[in-house]
Amino acid sequence: MKHSFPKSEKLKSSKTIQRLFAEGTAYKKYPIKVLVVPVATAMTHQVAFAVPKRNFKLAVDRNRVKRKLREAYRLQKHGLDTNKEVKFALIFLYIGKDIPTYEKVETAVGFLLKKVNEASY
C-alpha cells in the first residue's frame, strides 16, 4: 500500500461531518478521540483532523498537532482493512492540552485504527 494521503481520502463533506458528530461511534486513546461512521457511497476511507482552538490559542500550535496526526495516519492507514466493502468516514480529535510528541500520537493512532478495524459494521 502506498504511503500517501491523496485528496480523495480527505473528508470535506459538511453533511458527513455533521453525521459523524451526531451518529458516530467514538473510540478514545488519550490524547486522541476518533469518531467513525460507515459511508456507503465512498470509494475510499475518508479522514479529517481537528484540534480545538480552546486548547491551543495559536494557529501554529494547532497546525503542528494536525501535521503530526496526519503523518501518523498516513503511515499507519494500512491498519484499516481495505478489502471490506464498507468504507468509513473518520475524524480524529485531539483532546489533550499540550503539544504531544510524535511517538505518543503514533501509538494512539495505531491503537485507534486497530479498534476501528475490529469493529463490525
# chains A, B, ... in the order shown; residues from 1 in each chain; ligands from 1
call {"tool": "select_by_dssp", "arguments": {"residues": "chain A", "states": "strand (DSSP E)", "output": "MDAnalysis selection string"}}
result
chainID A and resid 25:29 32:39 46:50 87:94
call {"tool": "residues_around", "arguments": {"residues": "Thr16 in chain A", "least_positions_apart": "6", "cutoff": "10 Å", "atoms": "only C-alpha atoms", "output": "list in words"}}
result
Ala22, Gly24, Val37, Pro38, Val39, Gln46, Ala89 and Leu90 of chain A
call {"tool": "select_by_dssp", "arguments": {"residues": "range 11-58 of chain A", "states": "helix (DSSP H, G or I)", "output": "short mmCIF file (atom, residue, chain, number, x, y, z; two decimals) with N, CA and C atoms, in the first residue's frame"}}
result
data_model
loop_
_atom_site.label_atom_id
_atom_site.label_comp_id
_atom_site.auth_asym_id
_atom_site.auth_seq_id
_atom_site.Cartn_x
_atom_site.Cartn_y
_atom_site.Cartn_z
N SER A 14 -19.60 18.53 4.48
CA SER A 14 -20.15 19.03 5.75
C SER A 14 -21.28 18.13 6.25
N LYS A 15 -22.04 17.53 5.35
CA LYS A 15 -23.10 16.61 5.76
C LYS A 15 -22.53 15.39 6.46
N THR A 16 -21.45 14.85 5.92
CA THR A 16 -20.82 13.68 6.53
C THR A 16 -20.21 14.04 7.88
N ILE A 17 -19.62 15.22 7.98
CA ILE A 17 -19.02 15.65 9.25
C ILE A 17 -20.12 15.84 10.30
N GLN A 18 -21.25 16.43 9.92
CA GLN A 18 -22.36 16.57 10.86
C GLN A 18 -22.89 15.20 11.28
N ARG A 19 -22.94 14.29 10.34
CA ARG A 19 -23.39 12.92 10.65
C ARG A 19 -22.42 12.23 11.61
N LEU A 20 -21.13 12.49 11.44
CA LEU A 20 -20.12 11.92 12.33
C LEU A 20 -20.38 12.35 13.77
N PHE A 21 -20.61 13.64 13.98
CA PHE A 21 -20.82 14.13 15.34
C PHE A 21 -22.18 13.72 15.90
N ALA A 22 -23.17 13.52 15.04
CA ALA A 22 -24.50 13.13 15.51
C ALA A 22 -24.61 11.63 15.77
N GLU A 23 -24.10 10.80 14.85
CA GLU A 23 -24.32 9.36 14.92
C GLU A 23 -23.06 8.54 15.09
#
call {"tool": "closest_atom_pairs", "arguments": {"of": "range 8-87 of chain A", "to": "range 97-103 of chain A", "cutoff": "7 Å", "atoms": "only C-alpha atoms", "output": "Markdown table"}}
result
| residue | atom | partner | partner_atom | distance |
| --- | --- | --- | --- | --- |
| A:Asn55 | CA | A:Lys97 | CA | 5.6 |
| A:Val65 | CA | A:Ile99 | CA | 6.6 |
| A:Lys68 | CA | A:Tyr102 | CA | 6.1 |
call {"tool": "write_last_selection", "arguments": {"atoms": "C-alpha atoms", "output": "mmCIF file, in the first residue's frame"}}
result
data_model
loop_
_atom_site.group_PDB
_atom_site.id
_atom_site.type_symbol
_atom_site.label_atom_id
_atom_site.label_comp_id
_atom_site.auth_asym_id
_atom_site.auth_seq_id
_atom_site.Cartn_x
_atom_site.Cartn_y
_atom_site.Cartn_z
ATOM 1 C CA ASN A 55 -6.854 24.264 23.998
ATOM 2 C CA VAL A 65 -0.577 18.905 16.129
ATOM 3 C CA LYS A 68 1.578 15.026 13.499
#
call {"tool": "atom_distance", "arguments": {"atom1": "CA of Arg74 in chain A", "atom2": "CA of Lys53 in chain A"}}
result
23.7 Å
call {"tool": "closest_residue", "arguments": {"among": "A:Asn63, A:Thr25, A:Thr44, A:Gln76", "to": "His3 in chain A", "atoms": "only C-alpha atoms"}}
result
A:Gln76
call {"tool": "atom_distance", "arguments": {"atom1": "CA of Ser13 in chain A", "atom2": "CA of Lys104 in chain A"}}
result
29.0 Å
call {"tool": "closest_residue", "arguments": {"among": "A:Arg54, A:Lys84, A:His78, A:Lys29", "to": "Thr107 in chain A", "atoms": "only C-alpha atoms"}}
result
A:Lys29
call {"tool": "closest_residue", "arguments": {"among": "A:Ala59, A:Ala72, A:Val36, A:Leu93", "to": "Asn117 in chain A", "atoms": "only C-alpha atoms"}}
result
A:Val36
call {"tool": "closest_residue", "arguments": {"among": "A:Lys66, A:Lys87, A:His45, A:Lys33", "to": "Lys10 in chain A", "atoms": "only C-alpha atoms"}}
result
A:His45
call {"tool": "closest_residue", "arguments": {"among": "A:Val109, A:Leu35, A:Ala26, A:Val116", "to": "Tyr73 in chain A", "atoms": "only C-alpha atoms"}}
result
A:Val109
call {"tool": "atom_distance", "arguments": {"atom1": "CA of Ile95 in chain A", "atom2": "CA of Gly110 in chain A"}}
result
16.4 Å
call {"tool": "closest_residue", "arguments": {"among": "A:Lys7, A:Leu69, A:Ala50, A:Lys57", "to": "Val105 in chain A", "atoms": "only C-alpha atoms"}}
result
A:Leu69
